[in-house]
$ cat structure13.txt   # compact mmCIF, C-alpha atoms
# COMPACT_ATOMS: atom_id res chain seq x y z
CA MET Z 8 95.72 77.96 102.72
CA ILE Z 9 93.88 81.01 101.38
CA THR Z 10 91.99 83.25 103.76
CA GLN Z 11 90.21 86.35 102.49
CA ARG Z 12 90.45 89.53 104.53
CA SER Z 13 89.10 93.03 103.98
CA ALA Z 14 91.11 95.53 101.92
CA PRO Z 15 92.27 98.77 103.58
CA ALA Z 16 89.85 101.68 103.44
CA PRO Z 17 90.92 105.05 101.94
CA GLY Z 18 91.67 107.85 104.40
CA VAL Z 19 92.96 111.38 103.84
CA ASP Z 20 95.05 110.30 100.85
CA ARG Z 21 93.09 112.39 98.35
CA ILE Z 22 93.72 115.62 100.27
CA ALA Z 23 97.43 114.88 100.74
CA ARG Z 24 97.81 114.07 97.05
CA ALA Z 25 96.12 117.32 96.06
CA LEU Z 26 98.47 119.28 98.33
CA LEU Z 27 101.48 117.58 96.78
CA ARG Z 28 100.28 118.37 93.29
CA GLY Z 29 99.71 121.99 94.27
CA SER Z 30 103.19 122.27 95.74
CA SER Z 31 104.71 120.71 92.63
CA ARG Z 32 102.93 123.12 90.31
CA LEU Z 33 103.91 126.10 92.46
CA LEU Z 34 107.57 125.07 92.44
CA LYS Z 35 107.47 124.59 88.69
CA ALA Z 36 105.93 128.01 88.11
CA VAL Z 37 107.92 130.06 90.61
CA ARG Z 38 111.27 128.29 91.01
CA PRO Z 39 112.41 130.26 94.04
CA GLN Z 40 115.97 131.37 94.74
CA ALA Z 41 116.64 128.27 96.83
CA PHE Z 42 116.32 126.12 93.71
CA ARG Z 43 117.88 128.45 91.14
CA ASN Z 44 121.28 126.81 91.21
CA PHE Z 45 120.05 123.28 91.87
CA ASP Z 46 120.89 121.96 88.40
CA VAL Z 47 122.59 118.69 89.20
CA VAL Z 48 125.01 116.97 86.84
CA ILE Z 49 126.94 114.03 88.30
CA ASP Z 50 128.89 111.36 86.44
CA GLY Z 51 127.65 112.77 83.14
CA GLN Z 52 124.01 112.49 84.22
CA THR Z 53 121.56 115.35 84.69
CA LEU Z 54 118.90 114.99 87.34
CA ASP Z 55 115.35 115.20 86.02
CA PRO Z 56 114.09 118.85 86.31
CA GLY Z 57 111.02 117.84 88.31
CA LEU Z 58 113.16 115.79 90.67
CA GLN Z 59 115.59 118.71 90.98
CA ARG Z 60 112.78 120.85 92.36
CA ALA Z 61 111.62 118.07 94.65
CA MET Z 62 115.14 117.44 95.95
CA GLY Z 63 115.59 121.19 96.49
CA LEU Z 64 112.45 121.29 98.60
CA PHE Z 65 113.50 118.13 100.41
CA SER Z 66 116.89 119.66 101.28
CA LEU Z 67 115.17 122.53 103.12
CA MET Z 68 113.29 120.21 105.45
CA PRO Z 69 114.70 119.11 108.83
CA ARG Z 70 115.71 115.46 108.81
CA LYS Z 71 116.65 112.91 111.42
CA PRO Z 72 118.61 109.69 110.92
CA MET Z 73 116.18 106.82 110.44
CA GLY Z 74 117.60 105.11 113.51
CA ASP Z 75 116.47 108.09 115.63
CA ILE Z 76 112.85 107.77 114.48
CA PRO Z 77 110.59 105.14 116.11
CA LEU Z 78 110.31 102.26 113.69
CA ARG Z 79 106.52 102.33 113.68
CA TYR Z 80 106.60 105.93 112.40
CA SER Z 81 109.02 105.06 109.58
CA ARG Z 82 106.80 102.19 108.52
CA ALA Z 83 103.65 104.31 108.71
CA ALA Z 84 105.34 107.07 106.69
CA MET Z 85 106.29 104.65 103.92
CA ASN Z 86 102.76 103.25 103.80
CA PHE Z 87 101.31 106.75 103.58
CA GLY Z 88 103.83 107.90 101.01
CA GLY Z 89 103.26 104.87 98.83
CA ARG Z 90 99.53 105.54 98.79
CA ILE Z 91 99.57 109.24 98.02
CA LEU Z 92 102.33 109.09 95.39
CA GLY Z 93 100.56 106.47 93.30
CA ARG Z 94 97.31 105.99 91.44
CA ALA Z 95 94.92 103.31 92.70
CA LEU Z 96 93.96 101.84 89.34
CA PRO Z 97 90.75 99.78 89.47
CA GLN Z 98 90.97 96.01 89.29
CA ARG Z 99 88.49 93.28 88.55
CA ARG Z 100 89.27 91.79 91.94
CA VAL Z 101 91.58 92.51 94.89
CA GLU Z 102 91.83 89.72 97.45
CA ASN Z 103 93.86 89.66 100.66
CA LEU Z 104 95.36 86.25 101.38
CA GLU Z 105 97.43 84.46 103.95
CA ILE Z 106 100.13 82.03 102.85
CA ASP Z 107 101.43 79.33 105.16
CA GLY Z 108 105.07 79.99 106.00
CA ASP Z 109 107.61 78.40 108.30
CA GLY Z 110 107.51 81.53 110.48
CA GLY Z 111 103.73 81.84 110.49
CA PRO Z 112 101.10 83.23 108.08
CA ILE Z 113 102.50 85.49 105.33
CA PRO Z 114 100.13 88.29 104.25
CA ALA Z 115 99.71 88.68 100.52
CA ARG Z 116 97.36 90.44 98.12
CA LEU Z 117 96.18 89.17 94.76
CA TYR Z 118 95.31 91.71 92.05
CA THR Z 119 93.29 90.52 89.05
CA PRO Z 120 93.19 93.18 86.29
CA LEU Z 121 90.08 94.30 84.49
CA GLU Z 122 91.48 93.09 81.16
CA LEU Z 123 93.18 89.73 81.70
CA SER Z 124 95.82 88.75 79.14
CA THR Z 125 96.07 85.23 77.82
CA GLY Z 126 99.12 83.09 78.47
CA GLY Z 127 98.73 82.18 82.12
CA ALA Z 128 101.40 84.42 83.64
CA LEU Z 129 101.41 85.60 87.26
CA ILE Z 130 103.74 88.22 88.76
CA VAL Z 131 104.93 87.55 92.32
CA PHE Z 132 106.02 90.97 93.60
CA PHE Z 133 108.24 91.79 96.60
CA HIS Z 134 108.14 95.35 97.96
CA GLY Z 135 111.13 97.52 98.83
CA GLY Z 136 112.02 99.19 102.11
CA GLY Z 137 115.41 97.76 103.08
CA TRP Z 138 113.86 94.60 104.57
CA THR Z 139 112.85 96.89 107.49
CA VAL Z 140 110.02 99.17 106.32
CA GLY Z 141 107.56 98.76 103.46
CA SER Z 142 104.51 96.55 103.10
CA ILE Z 143 101.91 95.37 100.64
CA ASP Z 144 100.00 98.57 101.47
CA ALA Z 145 103.00 100.75 100.61
CA CYS Z 146 103.33 99.14 97.17
CA ASP Z 147 99.59 98.76 96.53
CA ASN Z 148 99.58 101.29 93.69
CA VAL Z 149 102.66 99.72 92.06
CA ALA Z 150 101.02 96.30 92.13
CA ARG Z 151 97.83 97.74 90.67
CA PHE Z 152 99.79 99.41 87.87
CA LEU Z 153 101.70 96.22 87.05
CA ALA Z 154 98.48 94.22 86.91
CA ASP Z 155 96.52 96.82 84.93
CA ARG Z 156 99.15 97.49 82.28
CA SER Z 157 100.49 93.95 81.90
CA GLY Z 158 97.16 92.18 82.02
CA PHE Z 159 98.66 89.58 84.39
CA PRO Z 160 97.52 88.92 87.97
CA VAL Z 161 99.95 90.17 90.62
CA LEU Z 162 100.57 88.47 93.95
CA SER Z 163 102.13 91.04 96.30
CA VAL Z 164 103.94 89.45 99.26
CA GLY Z 165 104.26 90.92 102.77
CA TYR Z 166 107.35 89.07 104.00
CA ARG Z 167 108.58 89.41 107.59
CA LEU Z 168 110.59 92.53 108.40
CA ALA Z 169 113.78 93.17 110.34
CA PRO Z 170 114.94 93.86 112.99
CA GLU Z 171 112.21 91.75 114.59
CA HIS Z 172 112.83 89.06 111.98
CA PRO Z 173 116.41 89.29 110.68
CA PHE Z 174 118.00 87.35 107.83
CA PRO Z 175 117.02 84.85 106.51
CA ALA Z 176 113.36 85.37 107.51
CA ALA Z 177 112.53 87.55 104.49
CA ILE Z 178 113.97 85.16 101.93
CA ASP Z 179 112.35 82.19 103.67
CA ASP Z 180 108.96 83.92 103.31
CA ALA Z 181 109.73 84.90 99.72
CA MET Z 182 110.50 81.28 98.83
CA SER Z 183 107.34 80.11 100.60
CA ALA Z 184 105.33 82.60 98.53
CA TYR Z 185 106.95 81.46 95.29
CA ARG Z 186 106.24 77.80 96.08
CA PHE Z 187 102.67 78.76 96.99
CA ALA Z 188 102.27 80.49 93.62
CA ARG Z 189 103.47 77.44 91.73
CA GLU Z 190 101.43 74.96 93.77
CA ASN Z 191 98.25 77.07 93.56
CA ALA Z 192 98.80 78.53 90.11
CA GLU Z 193 95.47 77.37 88.70
CA SER Z 194 93.40 78.97 91.49
CA LEU Z 195 95.45 82.17 91.08
CA GLY Z 196 94.68 82.31 87.36
CA ALA Z 197 98.08 81.16 86.11
CA LEU Z 198 100.22 78.25 84.93
CA PRO Z 199 103.02 76.94 87.21
CA GLU Z 200 105.67 77.38 84.51
CA ARG Z 201 104.61 81.00 83.87
CA ILE Z 202 105.36 82.48 87.29
CA VAL Z 203 107.32 85.76 87.14
CA VAL Z 204 109.25 87.14 90.13
CA ALA Z 205 109.61 90.90 90.49
CA GLY Z 206 110.71 93.36 93.13
CA GLU Z 207 112.09 96.78 93.91
CA SER Z 208 115.23 97.50 95.99
CA ALA Z 209 115.19 94.97 98.87
CA GLY Z 210 112.32 93.31 97.03
CA GLY Z 211 114.53 93.08 93.95
CA ASN Z 212 117.11 91.41 96.16
CA LEU Z 213 114.51 88.84 97.25
CA ALA Z 214 113.32 88.27 93.67
CA ALA Z 215 116.90 87.62 92.55
CA VAL Z 216 117.54 85.18 95.40
CA VAL Z 217 114.24 83.39 94.78
CA SER Z 218 115.24 82.99 91.13
CA GLN Z 219 118.56 81.46 92.14
CA GLN Z 220 117.12 79.09 94.72
CA ALA Z 221 114.14 78.06 92.59
CA THR Z 222 116.36 77.45 89.56
CA ALA Z 223 118.69 75.31 91.65
CA ALA Z 224 115.65 73.29 92.77
CA GLY Z 225 114.56 72.74 89.17
CA LEU Z 226 111.59 75.14 89.39
CA PRO Z 227 112.86 78.30 87.66
CA PRO Z 228 110.61 81.35 87.22
CA ALA Z 229 109.61 82.29 83.69
CA PHE Z 230 111.17 85.75 84.08
CA GLN Z 231 112.64 88.07 86.69
CA LEU Z 232 111.92 91.79 86.78
CA LEU Z 233 114.30 93.74 89.03
CA PHE Z 234 113.92 97.45 89.83
CA CYS Z 235 116.98 99.09 91.48
CA PRO Z 236 117.86 95.80 93.20
CA ILE Z 237 120.20 95.37 96.15
CA THR Z 238 122.59 92.68 94.91
CA ASP Z 239 125.65 92.87 97.18
CA VAL Z 240 125.71 94.06 100.81
CA SER Z 241 129.29 92.87 101.33
CA ARG Z 242 130.87 96.01 99.86
CA LYS Z 243 130.04 99.44 98.46
CA ARG Z 244 130.69 100.53 94.92
CA ARG Z 245 131.45 103.89 93.32
CA SER Z 246 127.78 104.92 93.10
CA TYR Z 247 127.66 104.96 96.91
CA ALA Z 248 130.25 107.74 96.96
CA LEU Z 249 128.61 109.64 94.11
CA PHE Z 250 125.08 109.59 95.56
CA SER Z 251 125.65 109.13 99.27
CA ASP Z 252 123.11 111.81 100.27
CA GLY Z 253 120.39 114.01 98.84
CA TYR Z 254 118.59 111.60 96.50
CA VAL Z 255 115.98 109.94 98.75
CA LEU Z 256 117.93 106.73 99.40
CA THR Z 257 121.18 107.57 101.20
CA GLU Z 258 124.26 105.67 102.26
CA ALA Z 259 123.18 106.11 105.89
CA HIS Z 260 119.80 104.53 105.08
CA MET Z 261 121.49 101.54 103.48
CA ASP Z 262 123.82 101.11 106.45
CA TRP Z 263 120.83 101.13 108.80
CA PHE Z 264 118.88 98.69 106.64
CA ARG Z 265 121.84 96.33 106.36
CA ASP Z 266 122.48 96.39 110.11
CA ASN Z 267 118.82 95.63 110.82
CA TYR Z 268 118.65 92.79 108.34
CA LEU Z 269 122.11 91.33 109.00
CA PRO Z 270 122.96 91.70 112.71
CA ASN Z 271 125.70 89.14 112.08
CA PRO Z 272 128.01 90.83 109.52
CA VAL Z 273 129.32 87.50 108.24
CA HIS Z 274 125.96 86.94 106.53
CA ALA Z 275 126.74 89.77 104.10
CA ASN Z 276 128.80 87.22 102.14
CA ASP Z 277 125.94 84.72 101.97
CA PRO Z 278 124.45 84.61 98.42
CA ARG Z 279 121.00 84.57 100.03
CA ALA Z 280 121.75 88.14 101.18
CA SER Z 281 124.09 89.13 98.31
CA PRO Z 282 122.94 87.31 95.15
CA LEU Z 283 125.84 88.84 93.20
CA LEU Z 284 128.11 86.48 95.19
CA ALA Z 285 126.35 83.33 93.99
CA PRO Z 286 128.75 80.66 92.69
CA THR Z 287 126.85 80.32 89.41
CA PHE Z 288 124.27 82.21 87.36
CA THR Z 289 123.84 79.55 84.69
CA GLY Z 290 120.25 78.59 83.90
CA LEU Z 291 118.60 81.63 85.46
CA PRO Z 292 115.50 82.95 83.66
CA PRO Z 293 115.45 85.87 81.23
CA THR Z 294 115.84 89.10 83.20
CA TYR Z 295 115.06 92.79 82.97
CA VAL Z 296 117.09 95.04 85.29
CA ALA Z 297 116.18 98.72 85.68
CA VAL Z 298 118.49 101.04 87.61
CA SER Z 299 118.34 104.78 88.33
CA GLY Z 300 121.28 107.04 87.60
CA PHE Z 301 121.11 108.93 90.91
CA ASP Z 302 121.04 105.90 93.19
CA PRO Z 303 123.68 104.41 95.51
CA LEU Z 304 122.57 100.98 94.25
CA ARG Z 305 123.14 101.81 90.57
CA ASP Z 306 126.49 100.09 90.09
CA GLU Z 307 125.69 96.82 91.86
CA GLY Z 308 122.47 96.50 89.86
CA GLU Z 309 124.35 96.96 86.62
CA GLU Z 310 127.09 94.56 87.74
CA TYR Z 311 124.46 91.92 88.45
CA ALA Z 312 123.04 92.30 84.95
CA HIS Z 313 126.54 91.98 83.45
CA ARG Z 314 127.25 88.82 85.45
CA LEU Z 315 124.01 87.28 84.22
CA GLN Z 316 124.90 88.15 80.64
CA GLN Z 317 128.38 86.66 81.00
CA SER Z 318 126.74 83.43 82.17
CA GLY Z 319 124.58 83.19 79.07
CA VAL Z 320 121.35 84.49 80.62
CA GLN Z 321 119.17 86.67 78.39
CA VAL Z 322 119.31 90.12 80.01
CA ALA Z 323 118.01 93.59 79.26
CA LEU Z 324 119.69 96.31 81.35
CA ARG Z 325 118.16 99.76 81.43
CA ARG Z 326 119.75 102.70 83.21
CA HIS Z 327 117.40 105.66 83.69
CA PRO Z 328 120.17 108.26 84.01
CA SER Z 329 118.06 111.19 85.27
CA LEU Z 330 116.05 109.35 87.93
CA ILE Z 331 116.33 108.43 91.61
CA HIS Z 332 115.68 105.37 93.75
CA GLY Z 333 112.05 104.41 94.35
CA ILE Z 334 110.73 106.25 91.30
CA ILE Z 335 108.24 103.50 90.46
CA TYR Z 336 106.12 104.50 93.47
CA GLY Z 337 105.36 107.91 91.92
CA THR Z 338 102.78 106.91 89.33
CA ALA Z 339 100.45 109.82 90.20
CA PHE Z 340 102.98 112.60 89.55
CA GLY Z 341 104.45 113.21 86.13
CA ASP Z 342 105.37 110.54 83.63
CA THR Z 343 108.68 109.30 85.02
CA GLY Z 344 107.48 106.55 87.35
CA ARG Z 345 104.88 105.35 84.88
CA SER Z 346 107.44 105.32 82.06
CA VAL Z 347 109.83 103.15 84.04
CA LEU Z 348 107.10 100.64 84.78
CA LEU Z 349 105.67 100.68 81.26
CA GLU Z 350 109.04 100.00 79.68
CA ALA Z 351 109.64 97.07 82.03
CA ILE Z 352 106.16 95.70 81.38
CA GLY Z 353 106.82 95.92 77.64
CA ALA Z 354 110.00 93.88 78.05
CA LEU Z 355 108.13 91.32 80.16
CA ARG Z 356 105.28 90.93 77.69
CA PHE Z 357 107.71 90.61 74.78
CA ALA Z 358 109.74 87.92 76.56
CA LEU Z 359 106.68 85.89 77.52
CA ALA Z 360 105.33 86.07 73.98
CA GLN Z 361 108.40 84.30 72.57

$ encode --input "structure13.txt" --output "structure tokens"
Amino acid sequence: MITQRSAPAPGVDRIARALLRGSSRLLKAVRPQAFRNFDVVIDGQTLDPGLQRAMGLFSLMPRKPMGDIPLRYSRAAMNFGGRILGRALPQRRVENLEIDGDGGPIPARLYTPLELSTGGALIVFFHGGGWTVGSIDACDNVARFLADRSGFPVLSVGYRLAPEHPFPAAIDDAMSAYRFARENAESLGALPERIVVAGESAGGNLAAVVSQQATAAGLPPAFQLLFCPITDVSRKRRSYALFSDGYVLTEAHMDWFRDNYLPNPVHANDPRASPLLAPTFTGLPPTYVAVSGFDPLRDEGEEYAHRLQQSGVQVALRRHPSLIHGIIYGTAFGDTGRSVLLEAIGALRFALAQ
């Protein structure tokens, strides 16, 4: 069932964005003593100069563990941050929908770009936020960018969040959304066999699991696009030790997210939570995996890409060595976030043109 609802109205985002730009320019021009020695080289990678300044400023701010902050504030902060860091590119149409799910209606948002490409593709996008925070509002600008630059409609999915709805609620909703996209492809402006799954962080985890489950059911996506995906919550790799703190996503954040999503630790070994532990990868769709160099999730994302390749899946793996987790949300500041998305979109368009 499709039900149209009103889109969110803009608030004080323009003022906040202007203040951020002003702060960024001031830091770039002045570079105070606090940042003078903040040239970061780890594992042969040099942190992007703009991100070095931002991380230096971030390190001066008081911080609390996420578990000590009321959950509603963390969710509101991610929504606000997602809006002010990105550019709200115009679309031909933006429609809020509700998808029938086993756990109740699933909110979603359909973006139809101004210039629609031929070929009948549709991108089903799952937001990040550790299965605990994040929303279709938080990733609104990312979805708009994907639609605008690819020329494909984007269906952004607001799956249920933990801890209120622990595993496997999120993946159940993600699968319901994928089935909805296939069953209603024509009304969404697409072909059933041209559905693409995409996601960032926890959303990349969901996209990977959807690909596995849909392929096993004989309904594989046309492509999967994974940005800094969580692929294995059963153990930590070397990148956790290298980037445990100071680069937006921390080891403590990931522990908190995992505990919220998986209150029963045994589920960490379930391939629906850790797609890297799947018994087979054969038959999965062509895949583009983008990871950031300064990210605790770097190594597991790369390992997932290697496992796909070893199983005969067509894979493009891209490490952005100077960048941090969540960079795709920053499309309004500098070129880094836009470049990551544009490169991925190029790979997607090339694959679908074959």

$ atom_distance --input "structure13.txt" --atom1 "CA of Arg167 in chain Z" --atom2 "CA of Phe187 in chain Z"
16.1 Å

$ residues_around --input "structure13.txt" --residues "range 263-279 of chain Z" --least-positions-apart "2" --cutoff "12 Å" --atoms "all atoms listed in the file" --output "ChimeraX atom specification"
/Z:72-76,78,135-141,167-179,181-182,208-209,212-220,237-243,256-261,281-288

$ atom_distance --input "structure13.txt" --atom1 "CA of Tyr247 in chain Z" --atom2 "CA of Val47 in chain Z"
16.5 Å

$ residues_around --input "structure13.txt" --residues "Asp147 in chain Z" --least-positions-apart "2" --cutoff "9 Å" --atoms "all atoms listed in the file" --output "list in words"
Gly89, Arg90, Gly93, Ala95, Arg116, Ser142, Ile143, Asp144, Ala145, Val149, Ala150, Arg151, Phe152 and Ser163 of chain Z

$ closest_atom_pairs --input "structure13.txt" --of "range 177-295 of chain Z" --to "range 323-333 of chain Z" --cutoff "7 Å" --atoms "all atoms listed in the file" --output "tab-separated table"
residue	atom	partner	partner_atom	distance
Z:Cys235	CA	Z:His332	CA	6.8
Z:Tyr254	CA	Z:Ile331	CA	6.3
Z:Val255	CA	Z:His332	CA	6.8
Z:Leu256	CA	Z:His332	CA	6.2
Z:Thr294	CA	Z:Ala323	CA	6.4
Z:Tyr295	CA	Z:Ala323	CA	4.8

$ atom_distance --input "structure13.txt" --atom1 "CA of Val161 in chain Z" --atom2 "CA of Gly300 in chain Z"
27.4 Å

$ residues_around --input "structure13.txt" --residues "Leu232 in chain Z" --least-positions-apart "2" --cutoff "9 Å" --atoms "all atoms listed in the file" --output "list in words"
Val203, Val204, Ala205, Gly206, Glu207, Gly211, Ala214, Ala215, Phe230, Phe234, Pro293, Thr294, Tyr295, Val296, Ala297, Ala351, Ile352 and Leu355 of chain Z
